[in-house]
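J.: Just passing along the structure, written as structure tokens.
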Amino acid sequence: LNVDASAPSFVPASFDAVLASFVVYLLADPGATLARWRDMLRPSGLLAFTWVIAEDPRWEAVYAAVDEFVPDGQEGWNAFRRRHGWTSAGHAEALLGGFRDVRTVVEPVTTRYQSPEHWWESSWTQAPALAWRHIPAGRRDQARDVAFRILEGLRDGDGSIARVRMVCYTLARRAPSGAGG
């Protein structure tokens with residue numbers, strides 16, 4: 001099943017829950033997407049989604065180093081994240097018209113990479129790839145090598161590299177038909 005997350009074509013009121021992990025805040029129009037997802041839910045259906053409110057500050061230099069290889073006219077990951085990122089729970093919750101029992105929990109989440117190579121490989125399956133896919137193939141090894149030099153300074157005693165981000169878990173229930181948000 002291949003469905004556009006921002007414009008799903010499901011029958012209204014056909015789901016008890018809609019779950020999304022680290023995607024809503026990256027979409028072009030999160031408010032419109034959340035409204036579409038609300039319409040897919042049955043009354044009192046659950047919406048739950050995760051998003052990053054703050055990146056590990058130790059990693060800013062790593063992302064900036066790779067972003068230097070993104071061609072002019074294209075946005076690097078740090079700029080993309082700042083433009084799309086939400087800065088408070090209130091920002092996300094304000095987009096949830098037609099929902100009730102809205103709440104957001106914020107917790108630190110640690111991702112541990114066994115090596116710089118482990119991080120690099122996983123980065124290409126995650127959000128940074130939205131920006132880094134514009135790096136010319138012939139320059140990606142150079143971008144990787146610059147990032148690896150920085151990551152060497154972030155290694156823990158066991159050689160692994162920890163990245164701690166503040167992650168938000170937002171939950172809401174669709175308001176019953178005819179009820180206000």
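Scheme for the structure tokens: letters A, B, ... for chains in order shown; per-chain residue numbers from 1; ligand numbers from 1 in order shown.
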Taking only segment 3-153 of chain A into account, list the residues labelled strand (DSSP E or B) by DSSP (computed from the backbone), as a count of residues only.

T.: 36

J.: Residues of chain A classed as helix (DSSP H, G or I) by DSSP on the backbone are to be reported as number ranges by chain.

T.: A: 24-26, 30-40, 57-67, 77-84, 89-93, 116-123, 129-132, 137-152

J.: Contacts of segment 145-156 of chain A at 12 Å or less, counting only C-alpha atoms, minus same-chain residues fewer than 5 places along, as a PyMOL selection string?

T.: chain A and resi 56-69+112-120+123+139-140+161-164

J.: Report the distance between atom CA of Phe49 of chain A and atom CA of Phe80 of chain A in Å, rounded to one decimal place.

T.: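 According to the coordinates, atom CA of Phe49 of chain A and atom CA of Phe80 of chain A are separated by 19.8 Å.
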
J.: If we count only C-alpha atoms, what is near Pro12 of chain A at a cut-off of 8 Å, once residues fewer than 4 positions away on the same chain are taken out, given as an NGL selection string?

T.: :A and (39-42)

J.: When distances are computed from only C-alpha atoms, which of A:Val11, A:Leu96, A:Val70, A:Val105 shows the smallest separation from Arg133 of chain A?

T.: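 For Arg133 of chain A, the nearest of the candidates is A:Val70.
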
J.: Could you jot down the atom CA of Arg100 of chain A to atom CA of Arg173 of chain A separation for me, Å, one decimal place?

T.: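 Between these atoms lies a distance of 5.3 Å.
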
J.: What's around Val52 of chain A at 7 Å? Count only C-alpha atoms, leave out sequence neighbours fewer than 4 positions away in its own chain, and write the answer as a VMD selection string.

T.: chain A and resid 165 to 168

J.: Residues of segment 62-156 of chain A that approach segment 21-36 of chain A to 9 Å or less, counting only C-alpha atoms: could you list each one with the shortest pair of atoms and its distance in Å to one decimal, rows by chain and increasing residue number, as a Markdown table?

T.:
| residue | atom | partner | partner_atom | distance |
| --- | --- | --- | --- | --- |
| A:Phe80 | CA | A:Leu26 | CA | 8.7 |
| A:Arg81 | CA | A:Leu26 | CA | 8.0 |
| A:His84 | CA | A:Leu26 | CA | 6.0 |
| A:Gly85 | CA | A:Tyr25 | CA | 6.3 |
| A:Trp86 | CA | A:Tyr25 | CA | 7.0 |
| A:Ala92 | CA | A:Tyr25 | CA | 8.4 |
| A:Ala94 | CA | A:Gly31 | CA | 8.8 |
| A:Leu95 | CA | A:Gly31 | CA | 5.2 |
| A:Leu96 | CA | A:Leu34 | CA | 6.8 |
| A:Gly97 | CA | A:Ala35 | CA | 7.5 |
| A:Gly98 | CA | A:Ala35 | CA | 8.0 |
| A:Ala127 | CA | A:Leu26 | CA | 8.0 |

J.: Mind writing the picked residues with all heavy atoms as a PDB file, in the first residue's frame?

T.:
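File produced: again-v5.pdb:
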ATOM      1  N   PHE A  80      16.692  23.316   7.014  1.00  0.00           N
ATOM      2  CA  PHE A  80      15.403  22.642   6.831  1.00  0.00           C
ATOM      3  C   PHE A  80      14.735  22.400   8.185  1.00  0.00           C
ATOM      4  O   PHE A  80      13.567  22.691   8.384  1.00  0.00           O
ATOM      5  CB  PHE A  80      15.634  21.313   6.100  1.00  0.00           C
ATOM      6  CG  PHE A  80      14.376  20.553   5.792  1.00  0.00           C
ATOM      7  CD1 PHE A  80      13.742  20.712   4.570  1.00  0.00           C
ATOM      8  CD2 PHE A  80      13.826  19.668   6.715  1.00  0.00           C
ATOM      9  CE1 PHE A  80      12.574  20.004   4.280  1.00  0.00           C
ATOM     10  CE2 PHE A  80      12.675  18.964   6.437  1.00  0.00           C
ATOM     11  CZ  PHE A  80      12.047  19.133   5.210  1.00  0.00           C
ATOM     12  N   ARG A  81      15.522  21.891   9.125  1.00  0.00           N
ATOM     13  CA  ARG A  81      15.000  21.576  10.457  1.00  0.00           C
ATOM     14  C   ARG A  81      14.519  22.841  11.170  1.00  0.00           C
ATOM     15  O   ARG A  81      13.469  22.854  11.793  1.00  0.00           O
ATOM     16  CB  ARG A  81      16.091  20.870  11.264  1.00  0.00           C
ATOM     17  CG  ARG A  81      15.658  20.330  12.581  1.00  0.00           C
ATOM     18  CD  ARG A  81      16.744  19.472  13.215  1.00  0.00           C
ATOM     19  NE  ARG A  81      18.070  20.030  13.150  1.00  0.00           N
ATOM     20  CZ  ARG A  81      18.551  20.918  14.027  1.00  0.00           C
ATOM     21  NH1 ARG A  81      17.807  21.349  15.002  1.00  0.00           N
ATOM     22  NH2 ARG A  81      19.781  21.363  13.905  1.00  0.00           N
ATOM     23  N   HIS A  84      11.234  24.012   9.455  1.00  0.00           N
ATOM     24  CA  HIS A  84      10.097  23.123   9.660  1.00  0.00           C
ATOM     25  C   HIS A  84       9.861  22.772  11.116  1.00  0.00           C
ATOM     26  O   HIS A  84       8.793  22.282  11.461  1.00  0.00           O
ATOM     27  CB  HIS A  84      10.290  21.808   8.882  1.00  0.00           C
ATOM     28  CG  HIS A  84      10.142  21.973   7.413  1.00  0.00           C
ATOM     29  ND1 HIS A  84       8.945  21.837   6.783  1.00  0.00           N
ATOM     30  CD2 HIS A  84      11.048  22.288   6.453  1.00  0.00           C
ATOM     31  CE1 HIS A  84       9.107  22.048   5.484  1.00  0.00           C
ATOM     32  NE2 HIS A  84      10.374  22.323   5.264  1.00  0.00           N
ATOM     33  N   GLY A  85      10.876  22.972  11.941  1.00  0.00           N
ATOM     34  CA  GLY A  85      10.792  22.521  13.329  1.00  0.00           C
ATOM     35  C   GLY A  85       9.784  23.300  14.153  1.00  0.00           C
ATOM     36  O   GLY A  85       9.532  24.476  13.912  1.00  0.00           O
ATOM     37  N   TRP A  86       9.222  22.618  15.075  1.00  0.00           N
ATOM     38  CA  TRP A  86       8.304  23.246  16.020  1.00  0.00           C
ATOM     39  C   TRP A  86       9.083  23.544  17.286  1.00  0.00           C
ATOM     40  O   TRP A  86       9.898  22.747  17.735  1.00  0.00           O
ATOM     41  CB  TRP A  86       7.138  22.322  16.306  1.00  0.00           C
ATOM     42  CG  TRP A  86       6.307  22.027  15.089  1.00  0.00           C
ATOM     43  CD1 TRP A  86       6.315  22.688  13.897  1.00  0.00           C
ATOM     44  CD2 TRP A  86       5.353  20.984  14.950  1.00  0.00           C
ATOM     45  NE1 TRP A  86       5.420  22.120  13.033  1.00  0.00           N
ATOM     46  CE2 TRP A  86       4.818  21.057  13.656  1.00  0.00           C
ATOM     47  CE3 TRP A  86       4.908  19.984  15.805  1.00  0.00           C
ATOM     48  CZ2 TRP A  86       3.840  20.195  13.194  1.00  0.00           C
ATOM     49  CZ3 TRP A  86       3.938  19.112  15.343  1.00  0.00           C
ATOM     50  CH2 TRP A  86       3.410  19.224  14.048  1.00  0.00           C
ATOM     51  N   ALA A  92       2.532  22.603  18.177  1.00  0.00           N
ATOM     52  CA  ALA A  92       1.901  21.398  17.638  1.00  0.00           C
ATOM     53  C   ALA A  92       0.433  21.338  18.042  1.00  0.00           C
ATOM     54  O   ALA A  92      -0.448  21.053  17.219  1.00  0.00           O
ATOM     55  CB  ALA A  92       2.630  20.154  18.128  1.00  0.00           C
ATOM     56  N   ALA A  94      -1.648  23.645  18.758  1.00  0.00           N
ATOM     57  CA  ALA A  94      -2.489  24.655  18.114  1.00  0.00           C
ATOM     58  C   ALA A  94      -3.026  24.176  16.767  1.00  0.00           C
ATOM     59  O   ALA A  94      -4.025  24.714  16.271  1.00  0.00           O
ATOM     60  CB  ALA A  94      -1.695  25.944  17.937  1.00  0.00           C
ATOM     61  N   LEU A  95      -2.389  23.169  16.193  1.00  0.00           N
ATOM     62  CA  LEU A  95      -2.822  22.637  14.898  1.00  0.00           C
ATOM     63  C   LEU A  95      -3.907  21.576  15.029  1.00  0.00           C
ATOM     64  O   LEU A  95      -4.345  21.020  14.023  1.00  0.00           O
ATOM     65  CB  LEU A  95      -1.619  22.030  14.169  1.00  0.00           C
ATOM     66  CG  LEU A  95      -0.473  22.991  13.870  1.00  0.00           C
ATOM     67  CD1 LEU A  95       0.703  22.226  13.262  1.00  0.00           C
ATOM     68  CD2 LEU A  95      -0.925  24.112  12.961  1.00  0.00           C
ATOM     69  N   LEU A  96      -4.350  21.306  16.261  1.00  0.00           N
ATOM     70  CA  LEU A  96      -5.248  20.172  16.496  1.00  0.00           C
ATOM     71  C   LEU A  96      -6.695  20.602  16.751  1.00  0.00           C
ATOM     72  O   LEU A  96      -7.349  20.129  17.677  1.00  0.00           O
ATOM     73  CB  LEU A  96      -4.708  19.335  17.660  1.00  0.00           C
ATOM     74  CG  LEU A  96      -3.374  18.656  17.347  1.00  0.00           C
ATOM     75  CD1 LEU A  96      -2.783  18.015  18.596  1.00  0.00           C
ATOM     76  CD2 LEU A  96      -3.533  17.631  16.245  1.00  0.00           C
ATOM     77  N   GLY A  97      -7.215  21.448  15.890  1.00  0.00           N
ATOM     78  CA  GLY A  97      -8.632  21.806  15.962  1.00  0.00           C
ATOM     79  C   GLY A  97      -9.492  20.577  15.716  1.00  0.00           C
ATOM     80  O   GLY A  97      -9.152  19.727  14.905  1.00  0.00           O
ATOM     81  N   GLY A  98     -10.585  20.465  16.430  1.00  0.00           N
ATOM     82  CA  GLY A  98     -11.466  19.317  16.281  1.00  0.00           C
ATOM     83  C   GLY A  98     -11.027  18.122  17.104  1.00  0.00           C
ATOM     84  O   GLY A  98     -11.587  17.033  16.963  1.00  0.00           O
ATOM     85  N   ALA A 127      15.337  11.664   8.187  1.00  0.00           N
ATOM     86  CA  ALA A 127      15.029  13.014   7.716  1.00  0.00           C
ATOM     87  C   ALA A 127      16.200  13.775   7.087  1.00  0.00           C
ATOM     88  O   ALA A 127      15.975  14.490   6.101  1.00  0.00           O
ATOM     89  CB  ALA A 127      14.408  13.818   8.851  1.00  0.00           C
TER      90      ALA A 127
END
